[in-house]
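**Student:** Sharing coords-v6.cif below, mmCIF, C-alpha atoms:
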```
data_start
#
loop_
_atom_site.group_PDB
_atom_site.id
_atom_site.type_symbol
_atom_site.label_atom_id
_atom_site.label_comp_id
_atom_site.auth_asym_id
_atom_site.auth_seq_id
_atom_site.Cartn_x
_atom_site.Cartn_y
_atom_site.Cartn_z
ATOM 1 C CA MET S 9 70.336 70.860 117.310
ATOM 2 C CA ASP S 10 68.647 73.299 114.920
ATOM 3 C CA ARG S 11 68.477 76.582 116.809
ATOM 4 C CA LEU S 12 70.269 78.270 113.889
ATOM 5 C CA LYS S 13 68.991 76.087 111.077
ATOM 6 C CA ASP S 14 69.518 77.655 107.629
ATOM 7 C CA LYS S 15 71.270 80.691 109.148
ATOM 8 C CA VAL S 16 74.623 82.112 108.034
ATOM 9 C CA THR S 17 76.968 83.398 110.732
ATOM 10 C CA LEU S 18 80.058 85.517 110.139
ATOM 11 C CA ILE S 19 82.549 85.477 113.009
ATOM 12 C CA THR S 20 85.418 87.954 113.048
ATOM 13 C CA GLY S 21 88.507 86.604 114.772
ATOM 14 C CA GLY S 22 87.000 83.192 114.107
ATOM 15 C CA GLY S 23 90.313 81.352 113.921
ATOM 16 C CA SER S 24 90.990 81.029 117.639
ATOM 17 C CA GLY S 25 89.628 81.352 121.158
ATOM 18 C CA ILE S 26 85.996 82.301 121.631
ATOM 19 C CA GLY S 27 85.466 82.840 117.908
ATOM 20 C CA LYS S 28 86.669 79.371 116.959
ATOM 21 C CA VAL S 29 84.632 77.578 119.633
ATOM 22 C CA SER S 30 81.556 79.649 118.725
ATOM 23 C CA GLY S 31 81.879 78.628 115.095
ATOM 24 C CA GLN S 32 81.884 74.964 116.060
ATOM 25 C CA LEU S 33 78.888 75.395 118.357
ATOM 26 C CA PHE S 34 76.876 77.441 115.882
ATOM 27 C CA ALA S 35 77.570 74.875 113.158
ATOM 28 C CA ARG S 36 76.236 72.089 115.374
ATOM 29 C CA GLU S 37 73.061 74.162 115.688
ATOM 30 C CA GLY S 38 72.643 74.300 111.913
ATOM 31 C CA SER S 39 74.363 77.537 110.897
ATOM 32 C CA LYS S 40 76.738 77.920 108.001
ATOM 33 C CA ILE S 41 79.914 79.573 109.268
ATOM 34 C CA VAL S 42 82.066 82.283 107.721
ATOM 35 C CA VAL S 43 85.408 82.366 109.526
ATOM 36 C CA LEU S 44 86.847 85.850 109.074
ATOM 37 C CA GLU S 45 90.442 85.786 110.266
ATOM 38 C CA ILE S 46 93.651 87.708 109.539
ATOM 39 C CA ASN S 47 95.848 84.625 110.033
ATOM 40 C CA PRO S 48 95.297 82.195 107.122
ATOM 41 C CA ALA S 49 96.617 79.158 109.003
ATOM 42 C CA LEU S 50 94.243 79.732 111.913
ATOM 43 C CA GLY S 51 91.306 80.561 109.673
ATOM 44 C CA GLU S 52 91.719 77.540 107.414
ATOM 45 C CA ALA S 53 92.134 75.254 110.417
ATOM 46 C CA ALA S 54 89.004 76.616 112.105
ATOM 47 C CA ALA S 55 86.926 76.130 108.946
ATOM 48 C CA ALA S 56 88.347 72.633 108.534
ATOM 49 C CA ASP S 57 87.391 71.751 112.110
ATOM 50 C CA VAL S 58 83.779 72.757 111.438
ATOM 51 C CA LYS S 59 83.726 70.620 108.307
ATOM 52 C CA LYS S 60 85.146 67.641 110.204
ATOM 53 C CA GLN S 61 82.139 67.698 112.509
ATOM 54 C CA GLY S 62 79.812 67.772 109.505
ATOM 55 C CA GLY S 63 79.236 71.500 109.287
ATOM 56 C CA ASP S 64 79.483 73.982 106.434
ATOM 57 C CA ALA S 65 82.241 76.580 106.808
ATOM 58 C CA PHE S 66 84.103 79.041 104.638
ATOM 59 C CA PHE S 67 87.288 80.941 105.468
ATOM 60 C CA VAL S 68 87.852 84.516 104.316
ATOM 61 C CA GLN S 69 91.003 86.430 105.163
ATOM 62 C CA ALA S 70 90.614 90.010 106.321
ATOM 63 C CA ASP S 71 92.131 92.668 108.516
ATOM 64 C CA VAL S 72 89.208 94.118 110.496
ATOM 65 C CA THR S 73 91.004 97.456 110.822
ATOM 66 C CA ASN S 74 91.094 97.915 107.029
ATOM 67 C CA GLU S 75 87.798 98.836 105.392
ATOM 68 C CA ALA S 76 88.687 97.613 101.910
ATOM 69 C CA SER S 77 89.761 94.283 103.361
ATOM 70 C CA VAL S 78 86.561 93.880 105.374
ATOM 71 C CA ASN S 79 84.374 94.904 102.449
ATOM 72 C CA ALA S 80 86.039 92.378 100.136
ATOM 73 C CA ALA S 81 85.682 89.598 102.709
ATOM 74 C CA VAL S 82 81.998 90.312 103.301
ATOM 75 C CA GLU S 83 81.357 90.365 99.549
ATOM 76 C CA LYS S 84 83.011 86.936 99.254
ATOM 77 C CA ALA S 85 80.897 85.592 102.080
ATOM 78 C CA ILE S 86 77.658 86.888 100.559
ATOM 79 C CA GLY S 87 78.758 85.583 97.176
ATOM 80 C CA LYS S 88 79.144 82.140 98.746
ATOM 81 C CA TYR S 89 76.019 82.009 100.934
ATOM 82 C CA SER S 90 73.831 84.844 99.540
ATOM 83 C CA ARG S 91 73.150 86.343 102.984
ATOM 84 C CA ILE S 92 74.467 86.893 106.505
ATOM 85 C CA ASP S 93 72.034 86.442 109.377
ATOM 86 C CA VAL S 94 74.343 86.666 112.383
ATOM 87 C CA LEU S 95 77.471 88.753 112.913
ATOM 88 C CA PHE S 96 79.651 87.891 115.898
ATOM 89 C CA ASN S 97 82.264 90.636 116.294
ATOM 90 C CA CYS S 98 84.808 88.555 118.148
ATOM 91 C CA ALA S 99 88.076 90.050 116.838
ATOM 92 C CA GLY S 100 89.798 92.251 119.391
ATOM 93 C CA GLY S 101 91.825 92.139 122.552
ATOM 94 C CA SER S 102 94.014 93.948 125.006
ATOM 95 C CA ALA S 103 97.752 94.598 125.033
ATOM 96 C CA ARG S 104 100.023 93.596 127.877
ATOM 97 C CA ASP S 105 101.665 97.038 127.800
ATOM 98 C CA ASP S 106 98.373 98.883 128.282
ATOM 99 C CA ALA S 107 98.796 101.538 130.975
ATOM 100 C CA PRO S 108 97.266 104.637 132.611
ATOM 101 C CA VAL S 109 96.629 107.637 130.367
ATOM 102 C CA THR S 110 99.663 109.459 131.738
ATOM 103 C CA GLU S 111 101.965 106.625 130.703
ATOM 104 C CA VAL S 112 100.494 104.661 127.813
ATOM 105 C CA ASP S 113 102.200 104.676 124.437
ATOM 106 C CA LEU S 114 99.951 106.432 121.934
ATOM 107 C CA ALA S 115 100.832 103.844 119.285
ATOM 108 C CA LEU S 116 99.292 101.208 121.562
ATOM 109 C CA PHE S 117 96.257 103.450 122.029
ATOM 110 C CA ASN S 118 95.731 103.676 118.282
ATOM 111 C CA GLN S 119 96.317 99.967 117.762
ATOM 112 C CA THR S 120 93.813 98.955 120.458
ATOM 113 C CA MET S 121 91.144 101.411 119.344
ATOM 114 C CA ASN S 122 91.526 100.299 115.738
ATOM 115 C CA LEU S 123 91.287 96.606 116.553
ATOM 116 C CA ASP S 124 88.483 96.754 119.110
ATOM 117 C CA VAL S 125 86.313 99.710 118.101
ATOM 118 C CA LEU S 126 87.057 100.327 114.424
ATOM 119 C CA GLY S 127 87.098 96.585 113.734
ATOM 120 C CA THR S 128 83.660 96.167 115.281
ATOM 121 C CA MET S 129 82.345 99.181 113.410
ATOM 122 C CA LEU S 130 83.702 98.138 110.009
ATOM 123 C CA ALA S 131 82.390 94.574 110.166
ATOM 124 C CA SER S 132 78.981 95.913 111.213
ATOM 125 C CA ARG S 133 79.095 98.585 108.516
ATOM 126 C CA HIS S 134 79.487 96.028 105.739
ATOM 127 C CA VAL S 135 77.370 93.150 107.095
ATOM 128 C CA ILE S 136 74.301 95.068 108.255
ATOM 129 C CA PRO S 137 73.146 96.004 104.706
ATOM 130 C CA SER S 138 72.652 92.275 104.031
ATOM 131 C CA MET S 139 70.539 92.055 107.177
ATOM 132 C CA ILE S 140 68.520 95.117 106.198
ATOM 133 C CA ALA S 141 67.748 93.469 102.859
ATOM 134 C CA ASN S 142 66.286 90.481 104.738
ATOM 135 C CA ASN S 143 64.635 92.586 107.465
ATOM 136 C CA SER S 144 66.239 90.468 110.166
ATOM 137 C CA GLY S 145 69.566 89.812 111.830
ATOM 138 C CA SER S 146 71.521 89.589 115.048
ATOM 139 C CA VAL S 147 74.756 91.443 115.749
ATOM 140 C CA ILE S 148 76.761 90.335 118.782
ATOM 141 C CA ASN S 149 79.643 92.462 120.047
ATOM 142 C CA VAL S 150 82.262 91.670 122.675
ATOM 143 C CA ALA S 151 82.850 94.132 125.519
ATOM 144 C CA THR S 152 84.407 93.330 128.918
ATOM 145 C CA TRP S 153 83.471 93.537 132.586
ATOM 146 C CA GLY S 154 86.061 96.326 132.879
ATOM 147 C CA ALA S 155 83.907 98.596 130.738
ATOM 148 C CA PHE S 156 81.642 98.880 133.788
ATOM 149 C CA ARG S 157 84.174 98.721 136.614
ATOM 150 C CA GLY S 158 87.347 100.196 135.146
ATOM 151 C CA ALA S 159 90.150 97.706 134.487
ATOM 152 C CA ASN S 160 93.105 99.465 136.079
ATOM 153 C CA PRO S 161 95.721 99.942 134.779
ATOM 154 C CA LYS S 162 94.398 98.976 131.325
ATOM 155 C CA HIS S 163 92.959 102.387 130.544
ATOM 156 C CA VAL S 164 92.939 102.002 126.763
ATOM 157 C CA TYR S 165 91.260 98.584 126.726
ATOM 158 C CA THR S 166 88.684 99.842 129.225
ATOM 159 C CA ALA S 167 87.930 102.845 127.014
ATOM 160 C CA ALA S 168 87.709 100.748 123.847
ATOM 161 C CA LYS S 169 85.298 98.231 125.339
ATOM 162 C CA GLY S 170 83.262 101.012 126.943
ATOM 163 C CA ALA S 171 82.879 102.455 123.470
ATOM 164 C CA ILE S 172 81.596 99.092 122.246
ATOM 165 C CA VAL S 173 78.908 99.067 124.949
ATOM 166 C CA SER S 174 77.719 102.495 123.802
ATOM 167 C CA LEU S 175 78.003 101.575 120.126
ATOM 168 C CA THR S 176 75.893 98.485 120.791
ATOM 169 C CA ARG S 177 73.083 100.592 122.237
ATOM 170 C CA ALA S 178 73.254 103.104 119.402
ATOM 171 C CA MET S 179 73.193 100.415 116.718
ATOM 172 C CA ALA S 180 70.310 98.622 118.424
ATOM 173 C CA GLY S 181 68.227 101.778 118.379
ATOM 174 C CA GLU S 182 69.101 102.597 114.792
ATOM 175 C CA TYR S 183 68.414 99.223 113.206
ATOM 176 C CA ALA S 184 65.453 97.978 115.261
ATOM 177 C CA LYS S 185 63.174 99.210 112.494
ATOM 178 C CA ASN S 186 64.967 96.790 110.171
ATOM 179 C CA GLY S 187 64.348 93.768 112.362
ATOM 180 C CA ILE S 188 67.969 93.703 113.545
ATOM 181 C CA ARG S 189 68.930 93.098 117.153
ATOM 182 C CA VAL S 190 72.298 94.259 118.516
ATOM 183 C CA ASN S 191 73.679 93.027 121.826
ATOM 184 C CA ALA S 192 77.004 92.614 123.565
ATOM 185 C CA ILE S 193 78.662 90.157 125.930
ATOM 186 C CA ALA S 194 80.997 91.394 128.667
ATOM 187 C CA PRO S 195 83.281 88.505 129.688
ATOM 188 C CA GLY S 196 85.672 88.391 132.589
ATOM 189 C CA VAL S 197 88.811 86.334 132.144
ATOM 190 C CA VAL S 198 88.248 83.527 129.674
ATOM 191 C CA ARG S 199 90.847 80.826 129.330
ATOM 192 C CA THR S 200 92.063 81.484 125.818
ATOM 193 C CA GLU S 201 95.721 81.357 124.897
ATOM 194 C CA ARG S 202 95.933 85.165 124.821
ATOM 195 C CA SER S 203 94.369 85.701 128.231
ATOM 196 C CA ILE S 204 96.519 83.060 129.881
ATOM 197 C CA ARG S 205 99.599 84.752 128.423
ATOM 198 C CA ASN S 206 98.458 88.121 129.739
ATOM 199 C CA HIS S 207 97.938 86.788 133.255
ATOM 200 C CA GLU S 208 101.061 84.719 133.638
ATOM 201 C CA ASN S 209 104.055 85.992 135.581
ATOM 202 C CA PRO S 210 106.401 88.255 133.567
ATOM 203 C CA GLY S 211 109.066 86.262 131.770
ATOM 204 C CA THR S 212 107.257 82.958 132.297
ATOM 205 C CA ARG S 213 105.499 80.910 129.654
ATOM 206 C CA VAL S 214 102.438 78.931 130.695
ATOM 207 C CA ALA S 215 100.648 76.376 128.534
ATOM 208 C CA VAL S 216 96.968 77.141 127.969
ATOM 209 C CA ASP S 217 95.901 73.820 129.463
ATOM 210 C CA ARG S 218 98.469 73.909 132.300
ATOM 211 C CA PRO S 219 98.450 77.365 133.925
ATOM 212 C CA SER S 220 100.963 77.880 136.710
ATOM 213 C CA LYS S 221 99.978 77.530 140.363
ATOM 214 C CA GLU S 222 100.233 81.312 140.762
ATOM 215 C CA VAL S 223 97.853 81.882 137.830
ATOM 216 C CA ARG S 224 95.349 79.342 139.185
ATOM 217 C CA GLU S 225 95.427 80.887 142.658
ATOM 218 C CA TYR S 226 95.010 84.404 141.250
ATOM 219 C CA MET S 227 92.052 83.361 139.131
ATOM 220 C CA LYS S 228 90.378 81.467 141.968
ATOM 221 C CA ALA S 229 90.702 84.429 144.334
ATOM 222 C CA THR S 230 89.510 86.959 141.773
ATOM 223 C CA TYR S 231 86.652 85.014 140.203
ATOM 224 C CA PRO S 232 84.313 83.383 142.715
ATOM 225 C CA PHE S 233 82.815 80.826 140.352
ATOM 226 C CA SER S 234 85.748 79.919 138.099
ATOM 227 C CA ILE S 235 87.726 81.044 135.127
ATOM 228 C CA GLY S 236 85.515 81.219 132.073
ATOM 229 C CA GLU S 237 86.020 78.851 129.178
ATOM 230 C CA PRO S 238 85.432 79.856 125.538
ATOM 231 C CA ILE S 239 82.351 77.628 125.398
ATOM 232 C CA ASP S 240 80.765 79.656 128.219
ATOM 233 C CA ILE S 241 80.810 82.768 126.048
ATOM 234 C CA ALA S 242 79.860 80.806 122.940
ATOM 235 C CA ASN S 243 76.717 79.546 124.694
ATOM 236 C CA ILE S 244 75.651 83.115 125.492
ATOM 237 C CA ALA S 245 76.357 84.157 121.902
ATOM 238 C CA LEU S 246 74.241 81.245 120.664
ATOM 239 C CA PHE S 247 71.315 82.477 122.754
ATOM 240 C CA LEU S 248 71.708 85.990 121.349
ATOM 241 C CA ALA S 249 71.962 84.653 117.801
ATOM 242 C CA SER S 250 68.857 82.496 118.088
ATOM 243 C CA SER S 251 65.178 83.405 118.089
ATOM 244 C CA GLU S 252 65.075 82.546 121.801
ATOM 245 C CA SER S 253 66.399 86.056 122.468
ATOM 246 C CA ARG S 254 63.952 87.859 120.186
ATOM 247 C CA MET S 255 62.968 90.226 123.020
ATOM 248 C CA VAL S 256 66.583 91.147 123.789
ATOM 249 C CA THR S 257 68.325 94.057 122.108
ATOM 250 C CA ALA S 258 70.616 96.902 123.251
ATOM 251 C CA ALA S 259 71.675 94.664 126.145
ATOM 252 C CA THR S 260 75.124 93.824 127.466
ATOM 253 C CA ILE S 261 75.228 90.482 129.262
ATOM 254 C CA MET S 262 77.800 90.217 132.030
ATOM 255 C CA ALA S 263 79.735 86.946 131.976
ATOM 256 C CA ASP S 264 82.489 87.624 134.494
ATOM 257 C CA GLY S 265 82.174 84.824 137.020
ATOM 258 C CA GLY S 266 80.742 87.195 139.591
ATOM 259 C CA ARG S 267 83.541 89.748 139.693
ATOM 260 C CA SER S 268 81.236 92.688 138.996
ATOM 261 C CA ALA S 269 79.280 91.820 142.150
ATOM 262 C CA TYR S 270 82.263 92.515 144.422
#
```
Could I get this structure in the form of structure tokens?

**Tutor:**
Amino acid sequence: MDRLKDKVTLITGGGSGIGKVSGQLFAREGSKIVVLEINPALGEAAAADVKKQGGDAFFVQADVTNEASVNAAVEKAIGKYSRIDVLFNCAGGSARDDAPVTEVDLALFNQTMNLDVLGTMLASRHVIPSMIANNSGSVINVATWGAFRGANPKHVYTAAKGAIVSLTRAMAGEYAKNGIRVNAIAPGVVRTERSIRNHENPGTRVAVDRPSKEVREYMKATYPFSIGEPIDIANIALFLASSESRMVTAATIMADGGRSAY
């Protein structure tokens, strides 16, 4: 229960889904948690949940697409805990209206690129100096299986997450001399509220814990092993955050339930 003892982890998008579950898991392993979240209600609730289980957590509000906002949030976090050892860039996502390049709305293109790529870059930009000062750190980014296969017709999301794979490699090479490892996780479908919404039938609402029969059948047919749960990704992130992965950097770990094998 001490794989991250005395560490400080900042999780962007830490108020829900994979980010929230990762914060709880990391706290159980001894890390202090900085929940960086744009939605105050979600962020406060996530930090409160960590505290309820006996952990140490701190919520900071920030918009990852705004550099001044990210910088201020990181400064607050360092002011609270003096350092940041692990950065989990979990904020991001796809849009339901994503489409082929000949059809996609350019406003959606800009929004997705800002959230997924710029958000990852800005958080890294302002957290990594703290890691350099301590000559150690782990940065974990979130890509997607579609970055390797092409998630038709989600051309923009595919491009954004492909950029994150390349950015991960570039950052790993740049900051290795500073004792910093940079890796990525490429999930398939993970059963968060957002992904269930995106896979439900148009015009139909499906509860996160009660997906429709059509959704269950689609997921079972598409993913040989099962739909991923947030804890599945959190467990991989924990490995990458811990010293157990000290020989791993510039890697992207596939976590897609086997889809990339077919």

**Student:** Which one of S:Ala131, S:Ala80, S:Val109, S:Val16 sits closest to S:Phe66 if you count only C-alpha atoms?

**Tutor:**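 Under the stated criterion, the closest residue is S:Val16.
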
**Student:** My list of candidates is S:Ala35, S:Thr17, S:Ser30, S:Val68. Which is closest to S:Pro48 when distances are computed with all atoms listed in the file?

**Tutor:**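 Among the listed residues, S:Val68 lies closest to S:Pro48.
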
**Student:** Would you kindly return, as a list in words, each protein, DNA or RNA residue with an atom no farther than 6 Å from any atom of stretch 137-151 of chain S, considering all atoms listed in the file and excluding same-chain residues fewer than 5 positions away?

**Tutor:**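 Contacts, with the query itself left out: Asp93, Val94, Leu95, Phe96, Asn97, Lys169, Asn186, Gly187, Ile188, Arg189, Val190, Asn191, Ala192, Ile193, Ala194 and Ala249 of chain S.
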
**Student:** How many Å separate atom CA of S:Ala65 from atom CA of S:Ala81?

**Tutor:**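 These atoms are spaced 14.1 Å apart.
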
**Student:** Using the chain letters and numbers from this file, what does the PyMOL selection byres ((chain S and resi 197) around 8) select? Give the answer as number ranges by chain.

**Tutor:** S: 195-196, 198-199, 203, 235-236, 264

**Student:** Translate the PyMOL selection byres ((chain S and resi 130) around 8) into a concrete residue list for this structure, as an MDAnalysis selection string.

**Tutor:** chainID S and resid 72:75 78 126:129 131:134

**Student:** Which one is closest to S:Ala56: S:Ser39, S:Asn79, S:Ser251, S:Lys28? Count only C-alpha atoms.

**Tutor:**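 Checking each of S:Ser39, S:Asn79, S:Ser251, S:Lys28 against S:Ala56, counting only C-alpha atoms, the winner is S:Lys28.
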
**Student:** Quote the spacing between atom CA of S:Lys185 and atom CA of S:Ala258 in Å to one decimal place.

**Tutor:**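 Atom CA of S:Ala258 lies 13.3 Å from atom CA of S:Lys185.
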
**Student:** For S:Ser24, list every protein, DNA or RNA residue within 12 Å, evaluated using all atoms listed in the file, and leave out those in the same chain fewer than 3 positions away; present the list as a ChimeraX atom specification.

**Tutor:** /S:19-21,27-32,43-55,57,98-100,199-202,238

**Student:** Choose the residue, out of S:Asn118, S:Asn160, S:Thr152, S:Thr176, that has the smallest atom-to-atom separation from S:Gly101; count only C-alpha atoms.

**Tutor:**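 The shortest atom-to-atom distance to S:Gly101 comes from S:Thr152.
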
**Student:** Take the point (71.0, 75.9, 108.2) in the file's coordinates, draw a sphere of radius 6 Å around it, and report as a VMD selection string every protein, DNA or RNA residue with an atom inside or on it, counting all atoms listed in the file.

**Tutor:** chain S and resid 13 to 15 38 to 39

**Student:** Quick one: of S:Asn122, S:Ala263, S:Ser253, S:Glu111, who's nearest to S:Ile241, counting only C-alpha atoms?

**Tutor:**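 Closest residue, counting only C-alpha atoms: S:Ala263.
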
**Student:** Output requested as a PDB file, keeping the file's coordinate frame - stretch 68-88 of chain S, filled out with N, CA, C and O atoms.

**Tutor:**
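Heads up, here's the output in rebuild-v9.pdb:
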```
ATOM      1  N   VAL S  68      87.478  83.331 105.081  1.00  0.00           N
ATOM      2  CA  VAL S  68      87.852  84.516 104.316  1.00  0.00           C
ATOM      3  C   VAL S  68      88.883  85.291 105.131  1.00  0.00           C
ATOM      4  O   VAL S  68      88.710  85.513 106.324  1.00  0.00           O
ATOM      5  N   GLN S  69      89.957  85.672 104.475  1.00  0.00           N
ATOM      6  CA  GLN S  69      91.003  86.430 105.163  1.00  0.00           C
ATOM      7  C   GLN S  69      90.675  87.917 105.131  1.00  0.00           C
ATOM      8  O   GLN S  69      90.261  88.459 104.102  1.00  0.00           O
ATOM      9  N   ALA S  70      90.851  88.568 106.266  1.00  0.00           N
ATOM     10  CA  ALA S  70      90.614  90.010 106.321  1.00  0.00           C
ATOM     11  C   ALA S  70      91.270  90.601 107.549  1.00  0.00           C
ATOM     12  O   ALA S  70      91.414  89.945 108.581  1.00  0.00           O
ATOM     13  N   ASP S  71      91.650  91.847 107.412  1.00  0.00           N
ATOM     14  CA  ASP S  71      92.131  92.668 108.516  1.00  0.00           C
ATOM     15  C   ASP S  71      90.977  93.572 108.920  1.00  0.00           C
ATOM     16  O   ASP S  71      90.564  94.441 108.143  1.00  0.00           O
ATOM     17  N   VAL S  72      90.412  93.372 110.114  1.00  0.00           N
ATOM     18  CA  VAL S  72      89.208  94.118 110.496  1.00  0.00           C
ATOM     19  C   VAL S  72      89.457  95.608 110.658  1.00  0.00           C
ATOM     20  O   VAL S  72      88.504  96.384 110.751  1.00  0.00           O
ATOM     21  N   THR S  73      90.708  96.030 110.691  1.00  0.00           N
ATOM     22  CA  THR S  73      91.004  97.456 110.822  1.00  0.00           C
ATOM     23  C   THR S  73      91.124  98.148 109.462  1.00  0.00           C
ATOM     24  O   THR S  73      91.357  99.349 109.399  1.00  0.00           O
ATOM     25  N   ASN S  74      90.956  97.383 108.385  1.00  0.00           N
ATOM     26  CA  ASN S  74      91.094  97.915 107.029  1.00  0.00           C
ATOM     27  C   ASN S  74      89.762  97.775 106.304  1.00  0.00           C
ATOM     28  O   ASN S  74      89.304  96.658 106.057  1.00  0.00           O
ATOM     29  N   GLU S  75      89.140  98.900 105.957  1.00  0.00           N
ATOM     30  CA  GLU S  75      87.798  98.836 105.392  1.00  0.00           C
ATOM     31  C   GLU S  75      87.735  98.083 104.070  1.00  0.00           C
ATOM     32  O   GLU S  75      86.820  97.291 103.841  1.00  0.00           O
ATOM     33  N   ALA S  76      88.692  98.310 103.199  1.00  0.00           N
ATOM     34  CA  ALA S  76      88.687  97.613 101.910  1.00  0.00           C
ATOM     35  C   ALA S  76      88.787  96.106 102.107  1.00  0.00           C
ATOM     36  O   ALA S  76      88.120  95.318 101.419  1.00  0.00           O
ATOM     37  N   SER S  77      89.599  95.695 103.063  1.00  0.00           N
ATOM     38  CA  SER S  77      89.761  94.283 103.361  1.00  0.00           C
ATOM     39  C   SER S  77      88.467  93.669 103.891  1.00  0.00           C
ATOM     40  O   SER S  77      88.052  92.583 103.473  1.00  0.00           O
ATOM     41  N   VAL S  78      87.822  94.374 104.808  1.00  0.00           N
ATOM     42  CA  VAL S  78      86.561  93.880 105.374  1.00  0.00           C
ATOM     43  C   VAL S  78      85.479  93.819 104.299  1.00  0.00           C
ATOM     44  O   VAL S  78      84.744  92.827 104.192  1.00  0.00           O
ATOM     45  N   ASN S  79      85.382  94.855 103.503  1.00  0.00           N
ATOM     46  CA  ASN S  79      84.374  94.904 102.449  1.00  0.00           C
ATOM     47  C   ASN S  79      84.542  93.737 101.476  1.00  0.00           C
ATOM     48  O   ASN S  79      83.566  93.056 101.119  1.00  0.00           O
ATOM     49  N   ALA S  80      85.777  93.472 101.075  1.00  0.00           N
ATOM     50  CA  ALA S  80      86.039  92.378 100.136  1.00  0.00           C
ATOM     51  C   ALA S  80      85.668  91.034 100.753  1.00  0.00           C
ATOM     52  O   ALA S  80      85.100  90.156 100.079  1.00  0.00           O
ATOM     53  N   ALA S  81      85.986  90.862 102.031  1.00  0.00           N
ATOM     54  CA  ALA S  81      85.682  89.598 102.709  1.00  0.00           C
ATOM     55  C   ALA S  81      84.180  89.380 102.823  1.00  0.00           C
ATOM     56  O   ALA S  81      83.676  88.264 102.594  1.00  0.00           O
ATOM     57  N   VAL S  82      83.450  90.426 103.173  1.00  0.00           N
ATOM     58  CA  VAL S  82      81.998  90.312 103.301  1.00  0.00           C
ATOM     59  C   VAL S  82      81.371  90.010 101.943  1.00  0.00           C
ATOM     60  O   VAL S  82      80.446  89.184 101.835  1.00  0.00           O
ATOM     61  N   GLU S  83      81.869  90.643 100.899  1.00  0.00           N
ATOM     62  CA  GLU S  83      81.357  90.365  99.549  1.00  0.00           C
ATOM     63  C   GLU S  83      81.586  88.908  99.164  1.00  0.00           C
ATOM     64  O   GLU S  83      80.716  88.270  98.549  1.00  0.00           O
ATOM     65  N   LYS S  84      82.747  88.354  99.529  1.00  0.00           N
ATOM     66  CA  LYS S  84      83.011  86.936  99.254  1.00  0.00           C
ATOM     67  C   LYS S  84      82.042  86.043 100.009  1.00  0.00           C
ATOM     68  O   LYS S  84      81.539  85.052  99.474  1.00  0.00           O
ATOM     69  N   ALA S  85      81.799  86.395 101.254  1.00  0.00           N
ATOM     70  CA  ALA S  85      80.897  85.592 102.080  1.00  0.00           C
ATOM     71  C   ALA S  85      79.474  85.602 101.512  1.00  0.00           C
ATOM     72  O   ALA S  85      78.817  84.555 101.418  1.00  0.00           O
ATOM     73  N   ILE S  86      79.007  86.785 101.129  1.00  0.00           N
ATOM     74  CA  ILE S  86      77.658  86.888 100.559  1.00  0.00           C
ATOM     75  C   ILE S  86      77.599  86.207  99.201  1.00  0.00           C
ATOM     76  O   ILE S  86      76.597  85.581  98.834  1.00  0.00           O
ATOM     77  N   GLY S  87      78.694  86.289  98.450  1.00  0.00           N
ATOM     78  CA  GLY S  87      78.758  85.583  97.176  1.00  0.00           C
ATOM     79  C   GLY S  87      78.649  84.076  97.353  1.00  0.00           C
ATOM     80  O   GLY S  87      78.082  83.371  96.511  1.00  0.00           O
ATOM     81  N   LYS S  88      79.178  83.575  98.450  1.00  0.00           N
ATOM     82  CA  LYS S  88      79.144  82.140  98.746  1.00  0.00           C
ATOM     83  C   LYS S  88      77.783  81.705  99.275  1.00  0.00           C
ATOM     84  O   LYS S  88      77.227  80.696  98.839  1.00  0.00           O
TER      85      LYS S  88
END
```
